[in-house]
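So the structure is just underneath, and the comments pick up after that.
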Amino acid sequence: MENTTAYPLLERIDDPADLREMDIATLNQVADELRDFLINLVSHTGGHLAAGLGTVELTLALHHVFQTPYDRLVWDVGHQTYPHKILTGRRDQMGTLRQEGGLAGFPKRGESDYDTFGVGHSSTSISAALGMALGARANGEDRQVIAVIGDGAMTAGMAFEALNHAGDVDANLLVILNDNDMSISPNVGGLSNYLARILSGQLYSSMRAGSKKVLSKIPSMWEFARRAEEHFKGMVVPGTLFEELGFNYIGPVDGHDMETLVRTLKNLQRLEGPRFLHVVTRKGKGFKPAEDNPCEYHGVGRFHPESGKLEKKSGDGISYTRVFSDWLCDMAAQDERLVGITPAMREGSGLVHFSEQFPERYYDVGIAEQHAVTLAAGLACEGLHPVVAIYSTFLQRAYDQLIHDVALQNLPVLFAIDRAGVVGPDGPTHAGSFDLSFMRCIPNLVIMAPANEDECRQMLYTGYLHDGPAAVRYPRGTGPGVKPQTHMQALPLGRGEILRRGHGVALLAFGSPVSEALAAGEALDATVVNMRFIKPLDETLLLELAAQHDLLITLEDNVVAGGAGAAVAEALARQGCTIPLRNLGLPDRFQDHASREALLRDAGLDRDGIIAAVQQTLAQPALARSATLA
C-alpha cells in the first residue's frame, strides 16, 4: 500500500474529533484522499470495496456532526465500514485487515470504542440502536443514537419490526437509509436537497410540533392536516410509509453532497424523537470499475488499483459453489418442478447461471431468510421441488421455519448449505460452525457432508430425490480435486464407506476433514472412513468398526458440542458399546478471523493435529493397558 504521506490531510486525522475542526471544503478534500486510500488498501489486502466507496462522504459527515463515540453510531452489516475504521484511529493498522491477529473486516466491539455494536449479519442496526436509545433514556443520558442501514437490509422483516417499535415508544433515534440502488435517483438533485434542508430545519419542525399540539384537540382538523402533509411529501419523496410508522421522514438527499449532508444532519441533531433520513449513494463511487460492476467489486481479492484488473486466484480447482451451480442447472433441465430460492445471495451461492437459464423458476427474496424457507415449504405443498441455496450462518436466522414449516410437515425441500465449517478472513460472524448441531436434532431431516466435489454433486442429487427435507452442507472454496462426473447417481441413504483399512485406530470423518484423515491414516496405519451421512448415521458400520478397533476418532468441521461426533457417542451408548472414543472438531469458542488453513490447524483438524490427538489418546493409561492385554 502507498505510504500515508501521499495523504496529507488524512494522516492528520487520529480520531473523529479532528474532523470537527474542518470546514466543508476541507472535508471534501479528505473525502478524495480517503477514497484513494481505500482503493489502494483493498487492492493489496482484498476485502469489501464498493460499499465503502459509496459511504465516504456519509461517514465523514456523521463523525463531523456527532460526538462519537459518546453519540452511538451503529452500522448495519459492516461492508461499508472501512472508511469508519480508517477515521477512528485504525488507519495505520488497515494493512492487517482480515488477517490473523489483524483488524476484523466488520465492526467489532472489542476492537474499538467507536464500534458500538458487532455486526456481520444484515438488518440488526435499527433494533440495536433502538435498544441503545432506550438505554440512554433509562440512564438519563442525552446522547444521540444513529443507525445506518442499507436498502438491501431493509428487505428483512426485522428492520420493520424495529421501526414499528421505535415509532411506538417515541425513541430519540435517527435512522439513516443508505440507498445505493439508485432506484429513486431522478429525485436526487437541487429540489430534493433543498426540501430535505427545509423539512429538517428548526422553523418547519417548530411549526409542525405546534400545529400538532393545537390541531390534536380537533380530531377532524388534525387528520386533515396530517394527510395534507403526507400528500405534500408524497409528491416529492417516498416517505409516507415511514411517517405512518411514526418517523419524521427527511429526504432523499444526495449522499455525496457534503454540504447538504452536514447541514441536514446538524438540523436533525437538534430534533428529538424518531427521525428517518433517506440518503442516496452510489456503490463504488470514485472507482469506475466498481461503479460499473458494484457486484463484482463488493468483495474482492487483490487487484490493480489503476486498472481495477483482478488478480487471478491460484490453482485450477472447482469450488463447491460451482459444483452446486452446475448441478442445479443440470437438474433443472431434467425436472421442471425444480425451483431455486436464495435470500439475496445469487452470486455467493452460485445461482447466477440458474437465474439466467431458468428465470421463471428463480426467486431471490432479498435478505429475508425466514421467508425464503417458508416460501419453499409453500411451493413444496403445491408439488414443486424447491432448492434453497443458503449460507450456513444465514440458515441460523430461519431455524424456526426449518423446524416448523419444513421438517414438521416432512416437505421435500433441499437445502444447499454453503460456507459450512470455518470460512477464514470474514471471521466468526460468517463461520458455519454450528449447522450440524442445530440440524441434527430435527426429526425427518437427512443431513449429508461431502468429502469431495463429485460426492457433493451426488449428494445433491440424493437429497433432491429424497421424499422429505434434506440438507447438503459443504465448505467455502475448493475441495481435494475430484472432478465431478456428468452422470448423477443416488447414494444409499445412511451408508458410509471405508476408504482405508488399518489397525487399532479408526478415523471416522464427516465431510471435508476426510482428506486430512486419509493423510493422517497413512502415517498411523489407521482405518479411515468417509461417514457421508450425519443423519441417518450408519450405525451398522459403526458397530463393525467398534468391534474391530481399540479406538474410534471422529472428525468434523463443526463444533464438537452436539455435532456428528456426539451422534456417534449417542449411537454407541444406545448399543451398550464402551469402546474408547474421542471427538475432534471446532472448539467451544468463537474462532477469530484467519485463513481457513490456520483455523483448521488451530482446531487440530489438519494431518499433524489428528496424529497428535491419536497419539495423545493412545498414551492414556487405560488405553495403554488395554493395548497390552490385547
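By order of appearance in the C-alpha cells: chains A, B, ..., then residues from 1 within every chain, and ligands from 1 in the order shown.
Once segment 465-481 of chain A and its same-chain neighbours fewer than 5 positions away are set aside, Gly317, Ile318, Ser319, Tyr320, Asn410, Leu411, Pro412, Val413, Leu414, Phe415, Ala416, Ile417, Asp418, Arg419, Ala420, Leu445, Val446, Ile447, Met448, Ala449, Asn452 and Glu453 of chain A remain within 6 Å of it when counting only C-alpha atoms.
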Please identify every residue of segment 525-563 of chain A that has at least one atom no farther than 10 Å from an atom of segment 508-521 of chain A, counting only C-alpha atoms, and for each give the shortest atom pair and the distance in Å to one decimal, arranged by chain then increasing number, as a tab-separated table.
```
residue	atom	partner	partner_atom	distance
A:Asp525	CA	A:Gly521	CA	5.4
A:Ala526	CA	A:Gly521	CA	4.6
A:Thr527	CA	A:Gly521	CA	6.4
A:Val528	CA	A:Leu518	CA	6.2
A:Val529	CA	A:Leu508	CA	4.9
A:Asn530	CA	A:Ala509	CA	5.4
A:Met531	CA	A:Phe510	CA	5.4
A:Arg532	CA	A:Phe510	CA	5.9
A:Phe533	CA	A:Phe510	CA	7.5
A:Ile534	CA	A:Phe510	CA	7.3
A:Leu542	CA	A:Leu508	CA	8.9
A:Leu545	CA	A:Leu508	CA	9.4
A:Leu552	CA	A:Leu508	CA	7.1
A:Ile553	CA	A:Leu508	CA	5.9
A:Thr554	CA	A:Leu508	CA	4.6
A:Leu555	CA	A:Ala509	CA	4.6
A:Glu556	CA	A:Phe510	CA	5.2
A:Asp557	CA	A:Pro513	CA	6.8
A:Asn558	CA	A:Phe510	CA	9.5
```
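Of the listed residues A:Leu245, A:Leu507, A:Leu87, A:Val387, the one whose atoms come nearest to Val56 of chain A is A:Leu87, with distances taken using only C-alpha atoms.
Nearest to Tyr363 of chain A of all the residues A:Val323, A:Leu541, A:Ala159, A:Leu338 is A:Leu338, based on only C-alpha atoms.
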> Which is closer to Thr116 of chain A than all the others in A:Arg137, A:His84, A:His79, A:His278, using only C-alpha atoms?
Replying inline: A:His84
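Using only C-alpha atoms, the smallest distance between any of A:Pro621, A:Gly152, A:Gly463, A:Pro484 and Asp364 of chain A comes from A:Gly152.
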>> With distances taken over only C-alpha atoms, which residue among A:Val119, A:Ile146, A:Leu27, A:Cys577 lies nearest Gln80 of chain A?
In response: A:Val119
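The closest residue to Gly562 of chain A, picked from A:Met94, A:Leu384, A:Leu499, A:Met439 and counting only C-alpha atoms, is A:Met439.
Atom CA of Asp592 of chain A to atom CA of Ile442 of chain A spans 28.9 Å [interatomic distance, one decimal].
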>> Quick check for you: according to DSSP on this backbone, which residues of segment 249-445 of chain A are classed as alpha helix (DSSP H)? Reply as an NGL selection string.
In response: :A and (258-269 or 288-292 or 320-334 or 346-349 or 352-357 or 369-381 or 392-395 or 399-401 or 435-440)
> Can you tell me, as a PyMOL selection string, what residues are no more than 7 Å from segment 43-55 of chain A when counting only C-alpha atoms, ignoring any on the same chain fewer than 3 positions away?
Replying inline: chain A and resi 1+35+39-40+58-59+79-83+95+97+281-285+290+294+297-305
Would you write out those residues with N, CA, C and O atoms, as an mmCIF file, in the first residue's frame?
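The file below, part30.cif, is the result:
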```
data_model
loop_
_atom_site.group_PDB
_atom_site.id
_atom_site.type_symbol
_atom_site.label_atom_id
_atom_site.label_comp_id
_atom_site.auth_asym_id
_atom_site.auth_seq_id
_atom_site.Cartn_x
_atom_site.Cartn_y
_atom_site.Cartn_z
ATOM 1 N N MET A 1 0.841 -1.195 0.000
ATOM 2 C CA MET A 1 0.000 0.000 0.000
ATOM 3 C C MET A 1 0.874 1.243 0.000
ATOM 4 O O MET A 1 1.957 1.244 0.576
ATOM 5 N N ARG A 35 -10.991 8.132 -0.211
ATOM 6 C CA ARG A 35 -11.414 7.220 -1.283
ATOM 7 C C ARG A 35 -10.195 6.596 -1.969
ATOM 8 O O ARG A 35 -10.156 5.391 -2.229
ATOM 9 N N ILE A 39 -9.063 2.542 -1.984
ATOM 10 C CA ILE A 39 -8.808 1.757 -3.199
ATOM 11 C C ILE A 39 -7.442 1.084 -3.128
ATOM 12 O O ILE A 39 -7.293 -0.112 -3.401
ATOM 13 N N ASN A 40 -6.420 1.853 -2.746
ATOM 14 C CA ASN A 40 -5.076 1.292 -2.642
ATOM 15 C C ASN A 40 -4.989 0.230 -1.550
ATOM 16 O O ASN A 40 -4.332 -0.799 -1.719
ATOM 17 N N LEU A 58 -20.728 10.187 3.606
ATOM 18 C CA LEU A 58 -21.659 9.982 4.716
ATOM 19 C C LEU A 58 -20.899 9.714 6.009
ATOM 20 O O LEU A 58 -21.244 10.260 7.071
ATOM 21 N N THR A 59 -19.858 8.902 5.944
ATOM 22 C CA THR A 59 -19.070 8.593 7.139
ATOM 23 C C THR A 59 -18.403 9.850 7.685
ATOM 24 O O THR A 59 -18.414 10.107 8.901
ATOM 25 N N HIS A 79 -20.230 -4.031 5.732
ATOM 26 C CA HIS A 79 -19.481 -3.971 4.479
ATOM 27 C C HIS A 79 -18.999 -2.558 4.168
ATOM 28 O O HIS A 79 -17.974 -2.367 3.522
ATOM 29 N N GLN A 80 -19.746 -1.560 4.634
ATOM 30 C CA GLN A 80 -19.433 -0.170 4.276
ATOM 31 C C GLN A 80 -18.607 0.540 5.336
ATOM 32 O O GLN A 80 -18.501 1.756 5.317
ATOM 33 N N THR A 81 -17.981 -0.200 6.261
ATOM 34 C CA THR A 81 -17.362 0.465 7.413
ATOM 35 C C THR A 81 -15.849 0.623 7.343
ATOM 36 O O THR A 81 -15.243 1.059 8.313
ATOM 37 N N TYR A 82 -15.220 0.293 6.231
ATOM 38 C CA TYR A 82 -13.776 0.536 6.149
ATOM 39 C C TYR A 82 -13.448 2.026 6.331
ATOM 40 O O TYR A 82 -12.491 2.359 7.051
ATOM 41 N N PRO A 83 -14.182 2.963 5.693
ATOM 42 C CA PRO A 83 -13.896 4.385 5.962
ATOM 43 C C PRO A 83 -14.035 4.736 7.446
ATOM 44 O O PRO A 83 -13.236 5.509 7.985
ATOM 45 N N GLY A 95 -3.649 -2.281 6.990
ATOM 46 C CA GLY A 95 -2.946 -3.274 6.184
ATOM 47 C C GLY A 95 -3.061 -4.674 6.737
ATOM 48 O O GLY A 95 -2.778 -5.658 6.032
ATOM 49 N N LEU A 97 -5.928 -5.927 7.766
ATOM 50 C CA LEU A 97 -7.358 -6.222 7.668
ATOM 51 C C LEU A 97 -7.616 -7.679 7.301
ATOM 52 O O LEU A 97 -7.039 -8.202 6.346
ATOM 53 N N THR A 281 -26.723 7.039 -2.351
ATOM 54 C CA THR A 281 -25.301 6.986 -2.664
ATOM 55 C C THR A 281 -25.083 6.086 -3.875
ATOM 56 O O THR A 281 -25.983 5.365 -4.302
ATOM 57 N N ARG A 282 -23.872 6.136 -4.378
ATOM 58 C CA ARG A 282 -23.516 5.279 -5.499
ATOM 59 C C ARG A 282 -22.461 4.283 -5.043
ATOM 60 O O ARG A 282 -21.369 4.663 -4.632
ATOM 61 N N LYS A 283 -22.795 3.023 -5.126
ATOM 62 C CA LYS A 283 -21.860 1.976 -4.737
ATOM 63 C C LYS A 283 -20.656 2.019 -5.677
ATOM 64 O O LYS A 283 -20.806 2.098 -6.886
ATOM 65 N N GLY A 284 -19.459 1.970 -5.088
ATOM 66 C CA GLY A 284 -18.242 2.019 -5.904
ATOM 67 C C GLY A 284 -17.833 3.410 -6.299
ATOM 68 O O GLY A 284 -16.933 3.578 -7.136
ATOM 69 N N LYS A 285 -18.455 4.442 -5.729
ATOM 70 C CA LYS A 285 -18.230 5.830 -6.103
ATOM 71 C C LYS A 285 -16.738 6.179 -6.177
ATOM 72 O O LYS A 285 -15.968 5.913 -5.257
ATOM 73 N N ALA A 290 -15.596 -0.338 -10.149
ATOM 74 C CA ALA A 290 -16.566 -0.675 -9.111
ATOM 75 C C ALA A 290 -17.914 -0.011 -9.368
ATOM 76 O O ALA A 290 -18.964 -0.565 -9.039
ATOM 77 N N PRO A 294 -20.627 -2.991 -9.451
ATOM 78 C CA PRO A 294 -20.518 -2.990 -7.991
ATOM 79 C C PRO A 294 -20.636 -4.372 -7.372
ATOM 80 O O PRO A 294 -20.086 -4.611 -6.298
ATOM 81 N N TYR A 297 -17.213 -6.033 -7.466
ATOM 82 C CA TYR A 297 -16.271 -5.369 -6.569
ATOM 83 C C TYR A 297 -16.854 -5.201 -5.163
ATOM 84 O O TYR A 297 -16.344 -4.422 -4.375
ATOM 85 N N HIS A 298 -17.898 -5.953 -4.866
ATOM 86 C CA HIS A 298 -18.432 -5.932 -3.497
ATOM 87 C C HIS A 298 -17.394 -6.515 -2.541
ATOM 88 O O HIS A 298 -16.936 -5.862 -1.612
ATOM 89 N N GLY A 299 -17.009 -7.754 -2.781
ATOM 90 C CA GLY A 299 -15.938 -8.396 -2.036
ATOM 91 C C GLY A 299 -14.909 -8.893 -3.032
ATOM 92 O O GLY A 299 -15.245 -9.688 -3.917
ATOM 93 N N VAL A 300 -13.684 -8.424 -2.920
ATOM 94 C CA VAL A 300 -12.682 -8.735 -3.940
ATOM 95 C C VAL A 300 -11.409 -9.267 -3.304
ATOM 96 O O VAL A 300 -11.157 -9.086 -2.107
ATOM 97 N N GLY A 301 -10.611 -9.926 -4.152
ATOM 98 C CA GLY A 301 -9.250 -10.257 -3.771
ATOM 99 C C GLY A 301 -8.340 -9.111 -4.182
ATOM 100 O O GLY A 301 -8.777 -7.981 -4.371
ATOM 101 N N ARG A 302 -7.070 -9.377 -4.344
ATOM 102 C CA ARG A 302 -6.133 -8.336 -4.757
ATOM 103 C C ARG A 302 -6.418 -7.905 -6.200
ATOM 104 O O ARG A 302 -6.860 -8.709 -7.018
ATOM 105 N N PHE A 303 -6.169 -6.633 -6.495
ATOM 106 C CA PHE A 303 -6.398 -6.126 -7.839
ATOM 107 C C PHE A 303 -5.439 -4.967 -8.122
ATOM 108 O O PHE A 303 -4.802 -4.426 -7.210
ATOM 109 N N HIS A 304 -5.364 -4.581 -9.396
ATOM 110 C CA HIS A 304 -4.503 -3.466 -9.797
ATOM 111 C C HIS A 304 -5.266 -2.162 -9.556
ATOM 112 O O HIS A 304 -6.326 -1.944 -10.158
ATOM 113 N N PRO A 305 -4.763 -1.266 -8.693
ATOM 114 C CA PRO A 305 -5.547 -0.079 -8.323
ATOM 115 C C PRO A 305 -5.804 0.893 -9.462
ATOM 116 O O PRO A 305 -6.771 1.651 -9.409
#
```
>> Env of Gly609 of chain A: 10 Å cut, atoms = only C-alpha atoms, seq-sep filter 4 positions within chain, self excluded. Answer as an MDAnalysis selection string.
In response: chainID A and resid 516 520 584 600:605 613:615
Export N, CA, C and O atoms of the chosen residues as a compact mmCIF listing (two decimals), in the first residue's frame?
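Output file out_4.txt is given in full below:
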```
# COMPACT_ATOMS: atom_id res chain seq x y z
N GLU A 516 -7.69 -34.83 5.20
CA GLU A 516 -6.67 -34.81 6.23
C GLU A 516 -6.66 -36.11 7.01
O GLU A 516 -5.60 -36.58 7.47
N ALA A 520 -3.46 -38.53 7.65
CA ALA A 520 -3.08 -38.99 8.99
C ALA A 520 -3.16 -40.51 9.08
O ALA A 520 -2.33 -41.15 9.74
N LEU A 584 -13.08 -35.01 17.61
CA LEU A 584 -12.32 -33.85 17.18
C LEU A 584 -13.21 -32.96 16.31
O LEU A 584 -13.93 -33.46 15.45
N LEU A 600 -8.26 -24.37 10.76
CA LEU A 600 -8.33 -25.83 10.88
C LEU A 600 -7.13 -26.35 11.68
O LEU A 600 -7.27 -27.28 12.48
N ARG A 601 -5.98 -25.74 11.48
CA ARG A 601 -4.80 -26.13 12.24
C ARG A 601 -5.00 -25.81 13.72
O ARG A 601 -4.66 -26.61 14.60
N ASP A 602 -5.58 -24.66 14.00
CA ASP A 602 -5.86 -24.26 15.39
C ASP A 602 -6.81 -25.25 16.05
O ASP A 602 -6.70 -25.52 17.25
N ALA A 603 -7.75 -25.80 15.27
CA ALA A 603 -8.72 -26.76 15.81
C ALA A 603 -8.17 -28.18 15.88
O ALA A 603 -8.85 -29.08 16.37
N GLY A 604 -6.95 -28.39 15.36
CA GLY A 604 -6.38 -29.73 15.35
C GLY A 604 -6.98 -30.63 14.29
O GLY A 604 -6.96 -31.86 14.43
N LEU A 605 -7.49 -30.04 13.22
CA LEU A 605 -8.13 -30.82 12.16
C LEU A 605 -7.25 -30.98 10.92
O LEU A 605 -7.73 -31.41 9.88
N ALA A 613 -3.44 -35.92 18.27
CA ALA A 613 -4.58 -36.29 19.11
C ALA A 613 -4.67 -37.79 19.30
O ALA A 613 -4.96 -38.28 20.41
N VAL A 614 -4.41 -38.55 18.24
CA VAL A 614 -4.45 -40.01 18.34
C VAL A 614 -3.35 -40.51 19.28
O VAL A 614 -3.59 -41.34 20.17
N GLN A 615 -2.15 -39.99 19.10
CA GLN A 615 -1.03 -40.44 19.93
C GLN A 615 -1.25 -40.07 21.39
O GLN A 615 -0.93 -40.86 22.30
```
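Here atom CA of Ser307 of chain A stands at a distance of 22.9 Å from atom CA of Val30 of chain A.
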Would you give me, as a CSV table (one decimal) with C-alpha atoms, in the first residue's frame, the residues in segment 296-543 of chain A that DSSP reads as strand (DSSP E or B)?
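This is the output file selection_19.csv:
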```csv
chain,number,residue,atom,x,y,z
A,299,GLY,CA,-15.9,-8.4,-2.0
A,300,VAL,CA,-12.7,-8.7,-3.9
A,303,PHE,CA,-6.4,-6.1,-7.8
A,310,LEU,CA,-8.5,-8.5,-10.5
A,319,SER,CA,-15.2,-24.7,-5.9
A,338,LEU,CA,-37.3,-27.6,-9.6
A,339,VAL,CA,-37.4,-24.1,-8.2
A,340,GLY,CA,-34.3,-22.2,-6.9
A,341,ILE,CA,-34.5,-19.9,-4.0
A,342,THR,CA,-31.9,-17.6,-2.4
A,362,TYR,CA,-35.7,-18.5,-9.8
A,363,TYR,CA,-36.7,-16.5,-6.7
A,364,ASP,CA,-34.4,-14.0,-4.9
A,385,HIS,CA,-39.5,-29.2,-5.6
A,386,PRO,CA,-37.6,-26.2,-4.1
A,387,VAL,CA,-33.9,-25.9,-3.6
A,388,VAL,CA,-32.9,-23.3,-1.0
A,389,ALA,CA,-29.3,-22.1,-1.6
A,390,ILE,CA,-28.2,-20.5,1.7
A,391,TYR,CA,-25.0,-19.9,3.7
A,414,LEU,CA,-33.5,-29.5,-0.4
A,415,PHE,CA,-31.1,-27.1,1.5
A,416,ALA,CA,-27.8,-26.5,-0.3
A,417,ILE,CA,-25.7,-25.1,2.6
A,418,ASP,CA,-22.6,-23.2,1.5
A,420,ALA,CA,-20.2,-24.7,6.2
A,421,GLY,CA,-17.4,-25.0,8.8
A,432,GLY,CA,-20.7,-22.1,9.6
A,446,VAL,CA,-31.5,-36.0,6.2
A,447,ILE,CA,-28.0,-34.4,6.6
A,448,MET,CA,-25.0,-35.1,4.4
A,470,ALA,CA,-32.6,-32.9,3.1
A,471,ALA,CA,-29.5,-30.8,3.6
A,472,VAL,CA,-26.1,-31.0,1.9
A,473,ARG,CA,-23.5,-28.8,3.7
A,478,THR,CA,-12.3,-25.8,-3.5
A,497,GLU,CA,-17.7,-46.1,3.1
A,498,ILE,CA,-14.3,-47.4,4.3
A,499,LEU,CA,-11.5,-45.7,2.4
A,500,ARG,CA,-8.6,-47.3,4.0
A,505,VAL,CA,-7.5,-46.9,15.3
A,506,ALA,CA,-10.4,-45.9,13.1
A,507,LEU,CA,-10.8,-42.3,11.9
A,508,LEU,CA,-14.4,-41.5,11.2
A,509,ALA,CA,-14.5,-38.3,9.1
A,510,PHE,CA,-17.6,-36.3,8.2
A,527,THR,CA,-8.6,-47.3,9.2
A,528,VAL,CA,-10.2,-44.2,7.5
A,529,VAL,CA,-13.9,-44.0,7.0
A,530,ASN,CA,-15.9,-41.4,5.0
A,533,PHE,CA,-24.3,-39.1,6.5
A,534,ILE,CA,-24.7,-37.3,9.8
A,535,LYS,CA,-28.4,-38.3,9.8
```
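If you count only C-alpha atoms and ignore residues fewer than 4 places along the chain from Gln489 of chain A, what sits within 10 Å of it is Glu455, Arg457, Gln458, Met459, Leu460, Tyr461, Thr462 and Gln485 of chain A.
Excluding segment 131-134 of chain A itself and same-chain residues fewer than 5 positions from it, the residues having an atom within 8 Å of it are Arg72, Arg143, Gln144, Val145, Ala171, Asn172 and Leu173 of chain A, counting only C-alpha atoms.
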>> List the spatial neighbours of Ile579 of chain A as a list in words - criterion: any atom at most 12 Å away, only C-alpha atoms, same-chain residues fewer than 4 positions off excluded.
In response: Gly504, Val505, Ala506, Leu542, Leu543, Glu544, Leu545, Ala546, Ala547, Gln548, His549, Asp550, Leu551, Leu552, Ile553, Val568, Ala569, Ala571, Leu572, Ala573, Gln575, Ala622, Leu623 and Ser626 of chain A
